[in-house]
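Each remark here refers to the structure printed beneath this line.
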Amino acid sequence: MPAPLFAALAAQNPPLRCSPIFAYRMRWKRRRLIWRALRRRHDLSRLRVDEGAIAAAPLLAFATIRNEMERLPFFLAHHRALGVGHFLIVDNASTDGSDSYLAAQPDVSVWRTDASYKLARFGVDWLMCLKFKFGAGKWCLTLDADEALILPGGRSLGALVTHLAATGRPSFGAVMIDAYPKGPVNEGHYQPGTTPFDHLCWFDGDGYRAQRHRVFDNLWVQGGVRERVFFQDQPARAPTLNKTPLVHWRRGYAYVTSTHQMLPRRLNHVFDTGAPTGVLLHSKFLPQIAAKSAEELTRRQHFQNSALYEDYHQRLISGPVLWHAASRRYHGPTQLEQLGLMSAGDWQ
Amino acid sequence: MSSLGFVMLCHTALHRAAQVARHWAERDCPVVIHVDRQVTRVRYDAFRRELADLDNVRFSNRLRCEWGTWSLVQASQTAAELLLSEFPAVRHVYLASGSCLPLRPVDELRSYLAARPMTDFIESVTIRDVDWTVGGLNDERFKLRFPFSWKRRRFLFDAYVELQRKLGYRRKLPEGITPHLGSQWWCLTRQTLTAILQDPRRSALERYFSLVWIPDESYYQTLARNYARNIESRSLTLSKFDFQGKPHVFYDDHLHLLRRSDCFVARKIWPRANRLYNTFLTDDAAINRMAEPAPGKIDRVFSRTLERRTRGRPGLYMHSRFPYPDWENGKTAAPYSVFHGFNSLFVDFESWLARRLGTVVHGNIFDPRRARFVGDVPIYAGCLSSNATMRDYNPEHFLTNLIWNTRGELQTFMFGPRDSQRIGSFMASDSNAQISVITGAWAVPLYLSNRNFAEIRTEAALLQRREIDFVNTLRHVKSRADIRIWTLAEFIEEPMENLQSILDAAEGANALRLTEAPRMADLSGFAAFLQSLKNQGMNPMTVGDFPQEGLVHRPPGDRNRPYLVN
């Protein structure tokens with residue numbers, strides 16, 4: 001008896017592309033990405049670089065920032081406490097003193113560039129240069145200034161990477177969860193240096209969807225509050241939430257888009273049952289979001305579809321309320337584990 | 001002089017090993033430490049200086065140690081010999097590692113052992129009875145030769161094992177030896193230990209064991225069987241292995257778990273677990289309970305780890321768990337009920353069912369306009385949006401999310417041929433789904449609607465085609481759901497009995513009898529409607545053999561009265 005619906009379901013889950021020819025193409029793509037990144041090395045000028053400290057630290061954090069004075073104190077403090085040994089930060093033409101603040105930190109190396117963020121593949125190229133030079137053989141954590149990595153059990157990164165190494169996993173996945181306030185996003189007050197998640201203490205506990213990416217074989221997670229509010233009618237364009245921020249770096253590795261996808265493809269296999277995963281708590285919706293969105297509209301340096309995002313930025317400026325009665329209040333890592341947003345896996 | 005001495009084998013985190021050694025030495029327990037030769041001279045000297053003020057700490061000759069090789073046994077032999085000769089009062093020797101941590105005061109351990117002066121605590125099981133090893137060599141470790149390092153020369157190791165298997169090579173066991181295996185962390189009496197170390201055949205036995213795979217799990221465990229008077233086949237050290245055979249590491253958040261275990265010593269401790277070290281190394285004033293060690297108390301946690309590692313949480317699809325299709329171990333997190341066609345036939349079916357079940361009953365959550373959650377809310381539990389575009393982008397995850405997020409509450413919803421159909425095959429293949437279908441019920445709203453007959457006819461054809469697809473899917477060999485299918489004609493013959501059977505299956509055998517009936521749509525004239533469809537060339541075959549004369553045994557006046565089946 002024919003069962004058309006089963007056939008339809010099979011068609012919706014096309015097999016992963018894995019022919020030898022395709023694998024070879026991916027190999028060249030990876031080489032091209034590395035080559036492209038290395039060509040951008042001249043964009044960077046050294047502001048304060050402590051090569052001795054970088055060499056001594058087993059765990060490095062990388063970030064590209066622009067005018068993040070408000071978030072930097074917490075960003076550094078949070079990840080320091082987690083066990084990051086040294087921060088390598090590219091400052092993309094900040095005007096609010098972020099660069100001099102960073103240069104004054106004991107465990108931060110700063111590079112500066114005025115080149116185009118978009119042409120550097122949204123900073124990925126710059127950070128790949130730095131990882132190529134300093135990250136090989138180390139655990140490299142790649143983040144944005146508005147992300148805070150949360151680990152299952154509230155344990156440290158040092159313990160995590162020891163476990164990952166012992167279980168033969170070269171990478172660690174995390175899903176990005178947007179935190180938002182109860183009122184309109186452009187209202188309220190945030191005191192720099194304190195945790196932004198006292199103000200942004202709500203998040204969507206469910207409504208995330210995942211599918212395997214046919215080309216890169218990563219898990220493509222979408223959903224959450226930004227889709228619920230801004231991308232209802234185009235869920236396919238909704239922001240990608242899966243990331244692979246922590247990698248035991250080798251020179252042949254490459255990030256494809258932001259930290260969502262990597263090559264070689266096996267690094268994307270961070271979601272096998274039993275693998276520990278984390279959460280990147282996203283503090284995007286601080287009150288200053290309206291001003292940033294307005295600036296973004298004129299700079300047009302953000303994401304592929306600047307036109308698509310125009311409407312999104314316009315709405316952010318108007319200060320929408322993201323909160324809903326079904327939102328969850330953030331209580332800590334255990335809660336995220338119970339909700340299934342992250343898992344300690346076999347790292348119990 | 002103390003009757004208890006420790007042998008410590010250290011290779012990393014020496015500052016922690018020093019802390020533990022100091023703890024024991026200061027409480028009058030002699031300690032002999034073996035430090036791996038691979039530790040640099042500078043660090044070794046610093047380590048010795050750290051413990052220089054303690055006169056009951058000794059350092060044995062350093063050997064180069066490698067996991068799974070004979071060198072580890074050698075290291076413990078030399079250290080144990082030194083301990084036995086330098087401290088004649090020692091009665092029990094406890095073998096520990098640098099990443100061990102005492103969980104209970106030394107005095108408790110001492111008096112525990114003093115009460116059992118002739119007992120050897122060494123886990124020792126025969127390989128015949130127990131599959132000790134995790135996914136590895138079991139009795140072959142005694143029957144083959146293992147000259148190559150597993151860690152550094154994996155290829156040679158594997159190739160040589162394969163070669164011996166092919167050739168049928170088998171080593172001869174030394175006489176009087178029955179191979180036993182067990183945890184490498186033991187506590188032996190002086191008598192047993194000296195008997196092993198001073199065995200006249202020691203060199204011959206060593207030659208044999210030095211080519212056994214992982215001899216530190218078998219050398220003492222086998223020989224103790226020959227000499228010990230009273231073996232307690234368990235280790236006093238709490239040490240767990242995951243399913244890949246890697247030791248489980250304890251972190252700060254395991255504090256309460258370790259306390260509860262009542263074990264004397266635990267390994268392996270994460271070197272930067274400050275809270276664990278601070279708590280267990282200072283807290284000597286604990287109550288002297290003389291409790292038996294109970295590692296079983298925390299086994300629960302480890303079986304959960306294994307469960308998580310190998311199967312994950314059923315019904316969760318997320319970054320932390322994304323199984324391949326058909327390998328889900330439960331496509332959804334909990335049972336749920338789907339009613340296909342019921343709300344077309346009964347006017348107030350949803351509210352009736354909600355009253356009857358005492359749970360949430362959703363409308364058609366796959367309605368093409370928007371998901372009709374209970375109360376028509378735009379956003380349901382866990383911020384699940386009712387937006388149809390978002391839902392249809394990935395309906396499978398829409399459903400699994402709904403079920404996952406409402407764990408503990410039975411989810412019930414309506415379905416029909418007017419809804420988005422893609423979810424059909426997913427539900428059919430889900431063993432958590434209870435699907436009850438009345439085929440042909442789509443005709444009832446058409447009959448009641450006040451539309452042009454041409455329109456009705458087209459729509460009837462479409463709905464019927466969709467319904468046939470859905471029913472075929474349910475009857476497919478891949479279906480795993482609990483499925484009941486009636487035609488409309490069959491169902492209305494005995495509606496209460498049929499409803500009762502669904503509810504019985506959903507709630508177990510003890511379900512109450514139905515006392516209140518849902519209100520059925522007025523079907524007088526329905527037979528004529530069906531006939532006119534047929535006359536237009538559209539055969540509503542899924543309705544079944546609907547009686548031409550209509551519902552004879554159901555007078556119209558009876559419909560609103562509660563219908564008692566008793």
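In the structure tokens, chains take letters A, B, ... by order of appearance, with residues numbered from 1 within each chain and ligands from 1 in the order shown.
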Which residues are near His11 of chain B? Cut-off 8 Å, only C-alpha atoms, ignore same chain within fewer than 4 positions. Put them as a PyMOL selection string. chain B and resi 35-36+38-39+98
I'd like a table as a tab-separated table: residues in chain A with an atom no more than 6 Å from chain B, each row giving the shortest atom pair and its distance in Å to one decimal, only C-alpha atoms counted, sorted by chain and rising residue number.
```
residue	atom	partner	partner_atom	distance
A:Ala3	CA	B:Thr473	CA	4.9
A:Leu5	CA	B:Ser425	CA	5.5
A:Phe6	CA	B:Ser425	CA	5.4
A:Asp204	CA	B:Cys383	CA	5.7
A:Gly205	CA	B:Gly382	CA	4.9
A:Asp206	CA	B:Gly382	CA	4.6
A:Gly207	CA	B:Leu384	CA	4.9
A:Arg209	CA	B:His397	CA	5.7
A:Asp233	CA	B:Thr389	CA	5.9
A:Pro235	CA	B:Met390	CA	5.5
A:Phe271	CA	B:His319	CA	5.4
A:Thr273	CA	B:Arg321	CA	5.1
A:Gly274	CA	B:Arg309	CA	3.7
A:Thr277	CA	B:Ser320	CA	5.6
A:Ala326	CA	B:Cys383	CA	5.3
A:Met342	CA	B:Ser320	CA	5.3
A:Ser343	CA	B:Ser320	CA	5.5
A:Gly345	CA	B:Arg309	CA	5.7
A:Asp346	CA	B:Arg309	CA	5.1
```
For those residues, write N, CA, C and O atoms to a file as a PDB file, in the first residue's frame.
```
ATOM      1  N   ALA A   3       2.223   4.925   0.796  1.00  0.00           N
ATOM      2  CA  ALA A   3       2.039   5.845   1.908  1.00  0.00           C
ATOM      3  C   ALA A   3       2.728   7.151   1.556  1.00  0.00           C
ATOM      4  O   ALA A   3       3.879   7.376   1.880  1.00  0.00           O
ATOM      5  N   LEU A   5       2.672  10.084   2.619  1.00  0.00           N
ATOM      6  CA  LEU A   5       3.204  10.998   3.633  1.00  0.00           C
ATOM      7  C   LEU A   5       4.582  10.561   4.109  1.00  0.00           C
ATOM      8  O   LEU A   5       5.431  11.379   4.412  1.00  0.00           O
ATOM      9  N   PHE A   6       4.797   9.253   4.174  1.00  0.00           N
ATOM     10  CA  PHE A   6       6.136   8.799   4.554  1.00  0.00           C
ATOM     11  C   PHE A   6       7.152   9.221   3.508  1.00  0.00           C
ATOM     12  O   PHE A   6       8.253   9.639   3.816  1.00  0.00           O
ATOM     13  N   ASP A 204      13.142  32.652  26.193  1.00  0.00           N
ATOM     14  CA  ASP A 204      12.190  31.665  25.675  1.00  0.00           C
ATOM     15  C   ASP A 204      12.696  30.280  26.031  1.00  0.00           C
ATOM     16  O   ASP A 204      13.787  29.892  25.628  1.00  0.00           O
ATOM     17  N   GLY A 205      11.870  29.538  26.774  1.00  0.00           N
ATOM     18  CA  GLY A 205      12.303  28.205  27.183  1.00  0.00           C
ATOM     19  C   GLY A 205      12.109  27.169  26.103  1.00  0.00           C
ATOM     20  O   GLY A 205      12.683  26.094  26.162  1.00  0.00           O
ATOM     21  N   ASP A 206      11.306  27.493  25.122  1.00  0.00           N
ATOM     22  CA  ASP A 206      11.025  26.497  24.081  1.00  0.00           C
ATOM     23  C   ASP A 206      10.802  27.232  22.772  1.00  0.00           C
ATOM     24  O   ASP A 206      10.898  28.449  22.692  1.00  0.00           O
ATOM     25  N   GLY A 207      10.460  26.467  21.764  1.00  0.00           N
ATOM     26  CA  GLY A 207      10.210  27.075  20.470  1.00  0.00           C
ATOM     27  C   GLY A 207      11.468  27.113  19.626  1.00  0.00           C
ATOM     28  O   GLY A 207      11.601  27.949  18.743  1.00  0.00           O
ATOM     29  N   ARG A 209      13.949  25.052  16.950  1.00  0.00           N
ATOM     30  CA  ARG A 209      13.855  23.953  15.997  1.00  0.00           C
ATOM     31  C   ARG A 209      15.237  23.666  15.463  1.00  0.00           C
ATOM     32  O   ARG A 209      16.075  24.556  15.367  1.00  0.00           O
ATOM     33  N   ASP A 233       7.045  35.564   9.773  1.00  0.00           N
ATOM     34  CA  ASP A 233       6.574  35.212   8.439  1.00  0.00           C
ATOM     35  C   ASP A 233       7.672  34.652   7.559  1.00  0.00           C
ATOM     36  O   ASP A 233       7.411  34.180   6.465  1.00  0.00           O
ATOM     37  N   PRO A 235      10.335  32.243   8.692  1.00  0.00           N
ATOM     38  CA  PRO A 235      11.134  31.476   9.669  1.00  0.00           C
ATOM     39  C   PRO A 235      12.446  30.960   9.090  1.00  0.00           C
ATOM     40  O   PRO A 235      13.408  30.767   9.818  1.00  0.00           O
ATOM     41  N   PHE A 271      26.726  17.597  18.651  1.00  0.00           N
ATOM     42  CA  PHE A 271      25.405  17.371  19.220  1.00  0.00           C
ATOM     43  C   PHE A 271      25.091  15.896  19.351  1.00  0.00           C
ATOM     44  O   PHE A 271      23.960  15.531  19.563  1.00  0.00           O
ATOM     45  N   THR A 273      24.405  12.419  20.905  1.00  0.00           N
ATOM     46  CA  THR A 273      23.855  12.122  22.222  1.00  0.00           C
ATOM     47  C   THR A 273      24.997  11.824  23.190  1.00  0.00           C
ATOM     48  O   THR A 273      25.867  11.017  22.888  1.00  0.00           O
ATOM     49  N   GLY A 274      24.972  12.488  24.328  1.00  0.00           N
ATOM     50  CA  GLY A 274      26.013  12.257  25.315  1.00  0.00           C
ATOM     51  C   GLY A 274      27.089  13.313  25.313  1.00  0.00           C
ATOM     52  O   GLY A 274      27.846  13.414  26.266  1.00  0.00           O
ATOM     53  N   THR A 277      26.984  20.008  26.111  1.00  0.00           N
ATOM     54  CA  THR A 277      26.793  21.240  25.349  1.00  0.00           C
ATOM     55  C   THR A 277      26.516  22.378  26.315  1.00  0.00           C
ATOM     56  O   THR A 277      26.149  22.144  27.463  1.00  0.00           O
ATOM     57  N   ALA A 326       4.396  33.479  28.921  1.00  0.00           N
ATOM     58  CA  ALA A 326       5.002  32.141  28.887  1.00  0.00           C
ATOM     59  C   ALA A 326       6.535  32.205  28.933  1.00  0.00           C
ATOM     60  O   ALA A 326       7.177  31.167  28.899  1.00  0.00           O
ATOM     61  N   MET A 342      20.639  22.758  27.322  1.00  0.00           N
ATOM     62  CA  MET A 342      22.003  22.256  27.308  1.00  0.00           C
ATOM     63  C   MET A 342      22.036  20.966  28.111  1.00  0.00           C
ATOM     64  O   MET A 342      21.058  20.578  28.740  1.00  0.00           O
ATOM     65  N   SER A 343      23.168  20.293  28.048  1.00  0.00           N
ATOM     66  CA  SER A 343      23.241  19.003  28.708  1.00  0.00           C
ATOM     67  C   SER A 343      24.667  18.747  29.149  1.00  0.00           C
ATOM     68  O   SER A 343      25.613  19.101  28.450  1.00  0.00           O
ATOM     69  N   GLY A 345      25.619  15.796  29.401  1.00  0.00           N
ATOM     70  CA  GLY A 345      25.974  14.579  28.673  1.00  0.00           C
ATOM     71  C   GLY A 345      26.677  13.593  29.574  1.00  0.00           C
ATOM     72  O   GLY A 345      26.192  13.290  30.656  1.00  0.00           O
ATOM     73  N   ASP A 346      27.827  13.129  29.149  1.00  0.00           N
ATOM     74  CA  ASP A 346      28.562  12.182  29.996  1.00  0.00           C
ATOM     75  C   ASP A 346      29.525  12.902  30.930  1.00  0.00           C
ATOM     76  O   ASP A 346      30.340  12.274  31.585  1.00  0.00           O
TER      77      ASP A 346
END
```
Restricting the calculation to only C-alpha atoms: of A:Ser98, A:Gln348, A:Gln335, A:Gln105, which residue gets closest to Ala145 of chain A?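 Nearest candidate to Ala145 of chain A out of A:Ser98, A:Gln348, A:Gln335, A:Gln105: A:Ser98.
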Which polymer residues have any atom within 7 Å of an atom of Val265 of chain B, counting only C-alpha atoms, with same-chain residues fewer than 6 positions away left out, as a list in words? Cys100, Leu101, Pro102, Leu103, Leu236, Thr237 and Leu238 of chain B
Give me, as a list of chain:residue names, all polymer residues having an atom no more than 12 Å from Ser233 of chain B, counting only C-alpha atoms and skipping those fewer than 4 positions away in the same chain.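 Near Ser233 of chain B, the qualifying residues are B:Thr119, B:Asp120, B:Phe121, B:Ile122, B:Glu123, B:Ser124, B:Val125, B:Thr126, B:His180, B:Leu181, B:Gly182, B:Ser183, B:Trp185, B:Trp186, B:Cys187, B:Leu188, B:Gln221, B:Thr222, B:Ala224, B:Arg225, B:Ala228.
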Can you list, as a ChimeraX atom specification, all residues belonging to segment 409-529 of chain B that DSSP tags as alpha helix (DSSP H)? /B:423-428,443-448,453-474,488-493,495-507,526-529
Write the selection just made, keeping C-alpha atoms, as an mmCIF file, in the first residue's frame?
```
data_model
loop_
_atom_site.group_PDB
_atom_site.id
_atom_site.type_symbol
_atom_site.label_atom_id
_atom_site.label_comp_id
_atom_site.auth_asym_id
_atom_site.auth_seq_id
_atom_site.Cartn_x
_atom_site.Cartn_y
_atom_site.Cartn_z
ATOM 1 C CA ILE B 423 2.851 15.848 10.562
ATOM 2 C CA GLY B 424 0.797 12.710 9.765
ATOM 3 C CA SER B 425 3.675 10.350 9.095
ATOM 4 C CA PHE B 426 5.585 11.566 12.129
ATOM 5 C CA MET B 427 2.654 10.843 14.431
ATOM 6 C CA ALA B 428 2.029 7.501 12.771
ATOM 7 C CA ALA B 443 -18.533 15.473 5.342
ATOM 8 C CA VAL B 444 -20.545 16.619 8.349
ATOM 9 C CA PRO B 445 -19.431 20.290 8.388
ATOM 10 C CA LEU B 446 -19.834 20.358 4.606
ATOM 11 C CA TYR B 447 -23.333 19.084 4.976
ATOM 12 C CA LEU B 448 -24.105 21.694 7.629
ATOM 13 C CA PHE B 453 -22.913 22.464 -4.055
ATOM 14 C CA ALA B 454 -20.196 22.688 -6.741
ATOM 15 C CA GLU B 455 -17.798 24.129 -4.140
ATOM 16 C CA ILE B 456 -18.767 21.487 -1.640
ATOM 17 C CA ARG B 457 -18.141 18.777 -4.138
ATOM 18 C CA THR B 458 -14.632 20.018 -4.969
ATOM 19 C CA GLU B 459 -13.731 20.378 -1.351
ATOM 20 C CA ALA B 460 -15.170 16.984 -0.475
ATOM 21 C CA ALA B 461 -12.967 15.386 -3.100
ATOM 22 C CA LEU B 462 -9.891 17.159 -1.758
ATOM 23 C CA LEU B 463 -10.604 16.296 1.879
ATOM 24 C CA GLN B 464 -11.319 12.697 1.049
ATOM 25 C CA ARG B 465 -8.073 12.351 -0.872
ATOM 26 C CA ARG B 466 -6.111 13.779 2.056
ATOM 27 C CA GLU B 467 -7.876 11.529 4.500
ATOM 28 C CA ILE B 468 -7.145 8.440 2.456
ATOM 29 C CA ASP B 469 -3.467 9.414 2.408
ATOM 30 C CA PHE B 470 -3.494 9.833 6.155
ATOM 31 C CA VAL B 471 -5.235 6.528 6.783
ATOM 32 C CA ASN B 472 -2.839 4.746 4.440
ATOM 33 C CA THR B 473 0.029 6.245 6.401
ATOM 34 C CA LEU B 474 -1.474 4.983 9.630
ATOM 35 C CA LEU B 488 -18.395 7.492 10.210
ATOM 36 C CA ALA B 489 -21.099 4.903 9.656
ATOM 37 C CA GLU B 490 -19.417 2.399 11.984
ATOM 38 C CA PHE B 491 -18.769 4.952 14.653
ATOM 39 C CA ILE B 492 -22.285 6.305 14.986
ATOM 40 C CA GLU B 493 -23.680 2.844 15.449
ATOM 41 C CA PRO B 495 -20.664 6.115 19.684
ATOM 42 C CA MET B 496 -20.497 5.744 23.461
ATOM 43 C CA GLU B 497 -18.906 2.314 23.378
ATOM 44 C CA ASN B 498 -16.321 3.564 20.916
ATOM 45 C CA LEU B 499 -15.494 6.672 22.938
ATOM 46 C CA GLN B 500 -15.242 4.535 26.041
ATOM 47 C CA SER B 501 -12.710 2.245 24.379
ATOM 48 C CA ILE B 502 -10.508 5.213 23.452
ATOM 49 C CA LEU B 503 -10.593 6.629 26.962
ATOM 50 C CA ASP B 504 -9.931 3.217 28.498
ATOM 51 C CA ALA B 505 -6.813 2.889 26.407
ATOM 52 C CA ALA B 506 -5.675 6.396 27.295
ATOM 53 C CA GLU B 507 -6.232 6.101 31.029
ATOM 54 C CA PHE B 526 -27.180 13.556 5.934
ATOM 55 C CA ALA B 527 -27.870 10.371 3.980
ATOM 56 C CA ALA B 528 -29.556 12.402 1.261
ATOM 57 C CA PHE B 529 -26.556 14.734 1.200
#
```
Please report, as a PyMOL selection string, each residue of segment 59-265 of chain A to which DSSP assigns strand (DSSP E) when run on this structure's backbone. chain A and resi 59-65+86-92+108-113+139-143+147-150+171-178+202-203+208-212+219-223+242-248+254-255+262-263
Skipping near chain neighbours, those fewer than 6 positions away, what residues fall within 10 Å of Asp348 of chain B using only C-alpha atoms, listed as a PyMOL selection string? chain B and resi 342+517-521
Could you write those residues out with all heavy atoms, as an mmCIF file, in the first residue's frame?
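Printed below is part-v8.cif as written:
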```cif
data_model
loop_
_atom_site.group_PDB
_atom_site.id
_atom_site.type_symbol
_atom_site.label_atom_id
_atom_site.label_comp_id
_atom_site.auth_asym_id
_atom_site.auth_seq_id
_atom_site.Cartn_x
_atom_site.Cartn_y
_atom_site.Cartn_z
ATOM 1 N N PHE B 342 -13.287 13.968 15.134
ATOM 2 C CA PHE B 342 -14.275 13.951 16.220
ATOM 3 C C PHE B 342 -14.974 15.284 16.381
ATOM 4 O O PHE B 342 -16.172 15.332 16.660
ATOM 5 C CB PHE B 342 -13.615 13.537 17.540
ATOM 6 C CG PHE B 342 -13.354 12.065 17.620
ATOM 7 C CD1 PHE B 342 -12.366 11.482 16.850
ATOM 8 C CD2 PHE B 342 -14.101 11.237 18.451
ATOM 9 C CE1 PHE B 342 -12.122 10.120 16.905
ATOM 10 C CE2 PHE B 342 -13.880 9.884 18.511
ATOM 11 C CZ PHE B 342 -12.870 9.325 17.733
ATOM 12 N N ALA B 517 -22.707 12.469 27.512
ATOM 13 C CA ALA B 517 -22.363 12.283 26.104
ATOM 14 C C ALA B 517 -22.029 13.619 25.460
ATOM 15 O O ALA B 517 -22.608 14.638 25.817
ATOM 16 C CB ALA B 517 -23.541 11.657 25.370
ATOM 17 N N PRO B 518 -21.076 13.642 24.509
ATOM 18 C CA PRO B 518 -20.899 14.866 23.725
ATOM 19 C C PRO B 518 -22.081 15.009 22.765
ATOM 20 O O PRO B 518 -22.724 14.017 22.411
ATOM 21 C CB PRO B 518 -19.602 14.603 22.973
ATOM 22 C CG PRO B 518 -19.489 13.130 22.882
ATOM 23 C CD PRO B 518 -20.179 12.573 24.076
ATOM 24 N N ARG B 519 -22.328 16.232 22.369
ATOM 25 C CA ARG B 519 -23.510 16.485 21.542
ATOM 26 C C ARG B 519 -23.167 16.267 20.074
ATOM 27 O O ARG B 519 -22.238 16.888 19.546
ATOM 28 C CB ARG B 519 -23.997 17.918 21.758
ATOM 29 C CG ARG B 519 -25.391 18.184 21.238
ATOM 30 C CD ARG B 519 -26.002 19.320 22.038
ATOM 31 N NE ARG B 519 -25.220 20.547 21.889
ATOM 32 C CZ ARG B 519 -25.385 21.384 20.874
ATOM 33 N NH1 ARG B 519 -26.272 21.136 19.939
ATOM 34 N NH2 ARG B 519 -24.657 22.479 20.775
ATOM 35 N N MET B 520 -23.895 15.366 19.432
ATOM 36 C CA MET B 520 -23.619 15.053 18.037
ATOM 37 C C MET B 520 -24.336 16.053 17.141
ATOM 38 O O MET B 520 -25.411 16.548 17.479
ATOM 39 C CB MET B 520 -24.092 13.632 17.719
ATOM 40 C CG MET B 520 -23.397 13.029 16.515
ATOM 41 S SD MET B 520 -24.046 11.406 16.116
ATOM 42 C CE MET B 520 -23.326 10.392 17.369
ATOM 43 N N ALA B 521 -23.682 16.354 16.006
ATOM 44 C CA ALA B 521 -24.331 17.255 15.055
ATOM 45 C C ALA B 521 -25.614 16.611 14.538
ATOM 46 O O ALA B 521 -25.757 15.394 14.540
ATOM 47 C CB ALA B 521 -23.384 17.544 13.896
#
```
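If you count only C-alpha atoms and ignore residues fewer than 4 places along the chain from Pro58 of chain A, what sits within 9 Å of it is Ile54, Val84, Gly85, His86, Gly137, Lys138, Trp139, Cys140 and Gly158 of chain A.
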Restricted to N, CA and C atoms, what would the selected residues look like written as a short mmCIF file (atom, residue, chain, number, x, y, z; two decimals), in the first residue's frame?
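Output (out.cif):
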```
data_model
loop_
_atom_site.label_atom_id
_atom_site.label_comp_id
_atom_site.auth_asym_id
_atom_site.auth_seq_id
_atom_site.Cartn_x
_atom_site.Cartn_y
_atom_site.Cartn_z
N ILE A 54 50.31 35.01 26.03
CA ILE A 54 49.50 34.19 25.12
C ILE A 54 50.08 32.79 25.05
N VAL A 84 39.31 31.46 31.32
CA VAL A 84 40.05 31.88 30.13
C VAL A 84 41.39 32.44 30.58
N GLY A 85 42.47 32.00 29.93
CA GLY A 85 43.81 32.44 30.34
C GLY A 85 44.18 33.79 29.77
N HIS A 86 43.80 34.02 28.50
CA HIS A 86 44.17 35.28 27.86
C HIS A 86 43.14 35.61 26.79
N GLY A 137 46.99 24.23 18.61
CA GLY A 137 47.31 23.35 19.74
C GLY A 137 46.65 23.77 21.04
N LYS A 138 45.89 24.87 21.02
CA LYS A 138 45.24 25.32 22.25
C LYS A 138 43.73 25.26 22.09
N TRP A 139 43.06 25.36 23.21
CA TRP A 139 41.60 25.46 23.17
C TRP A 139 41.23 26.91 22.94
N CYS A 140 40.52 27.16 21.87
CA CYS A 140 40.18 28.53 21.50
C CYS A 140 38.69 28.75 21.62
N GLY A 158 38.39 24.85 32.32
CA GLY A 158 39.53 23.94 32.44
C GLY A 158 39.07 22.51 32.60
#
```
With only C-alpha atoms as the counted atoms, please give the residues lying no more than 12 Å from segment 189-201 of chain B, apart from itself and same-chain residues fewer than 4 positions off, as a PyMOL selection string. chain B and resi 3-6+73-74+76-85+87-95+113-114+116-122+174-177+205-208+219-232
Would you export the selected residues with C-alpha atoms as a short mmCIF file (atom, residue, chain, number, x, y, z; two decimals), in the first residue's frame, please?
```
data_model
loop_
_atom_site.label_atom_id
_atom_site.label_comp_id
_atom_site.auth_asym_id
_atom_site.auth_seq_id
_atom_site.Cartn_x
_atom_site.Cartn_y
_atom_site.Cartn_z
CA SER B 3 49.15 0.46 61.78
CA LEU B 4 48.07 1.95 58.45
CA GLY B 5 50.43 3.06 55.69
CA PHE B 6 49.80 4.55 52.28
CA VAL B 73 52.88 -2.66 39.12
CA GLN B 74 56.64 -2.28 39.46
CA SER B 76 53.73 -0.08 43.51
CA GLN B 77 55.99 -3.06 44.33
CA THR B 78 59.06 -0.95 45.06
CA ALA B 79 57.05 1.57 47.03
CA ALA B 80 55.28 -1.14 49.05
CA GLU B 81 58.59 -2.86 49.82
CA LEU B 82 60.00 0.41 51.07
CA LEU B 83 56.95 1.02 53.24
CA LEU B 84 57.00 -2.46 54.75
CA SER B 85 60.70 -2.36 55.58
CA PHE B 87 57.71 1.11 58.99
CA PRO B 88 57.51 -2.27 60.73
CA ALA B 89 54.37 -1.36 62.65
CA VAL B 90 52.29 -1.03 59.49
CA ARG B 91 49.63 -3.69 59.32
CA HIS B 92 47.55 -2.54 56.35
CA VAL B 93 48.96 -1.01 53.18
CA TYR B 94 46.63 1.21 51.20
CA LEU B 95 47.42 1.83 47.56
CA LEU B 113 40.73 -1.79 59.56
CA ALA B 114 41.73 -2.52 63.15
CA ARG B 116 39.24 -6.43 60.59
CA PRO B 117 42.94 -7.13 61.11
CA MET B 118 43.16 -10.13 58.81
CA THR B 119 41.00 -8.88 55.97
CA ASP B 120 42.33 -7.87 52.57
CA PHE B 121 40.22 -5.35 50.72
CA ILE B 122 40.85 -6.03 47.09
CA PRO B 174 51.74 -20.30 35.19
CA GLU B 175 50.80 -23.18 37.41
CA GLY B 176 48.46 -22.55 40.30
CA ILE B 177 47.14 -19.30 38.91
CA LEU B 205 55.23 -14.69 37.71
CA GLU B 206 56.53 -11.27 36.84
CA ARG B 207 57.70 -12.47 33.48
CA TYR B 208 54.20 -13.72 32.83
CA TYR B 219 48.59 -8.93 39.29
CA TYR B 220 47.68 -8.36 42.93
CA GLN B 221 44.09 -9.38 42.29
CA THR B 222 45.19 -12.82 41.07
CA LEU B 223 47.96 -13.46 43.57
CA ALA B 224 45.97 -12.32 46.56
CA ARG B 225 43.68 -15.25 45.89
CA ASN B 226 46.61 -17.58 46.56
CA TYR B 227 47.74 -16.06 49.85
CA ALA B 228 45.02 -14.09 51.52
CA ARG B 229 43.08 -15.65 54.34
CA ASN B 230 40.09 -13.44 54.13
CA ILE B 231 39.38 -11.44 51.00
CA GLU B 232 36.70 -8.79 50.91
#
```
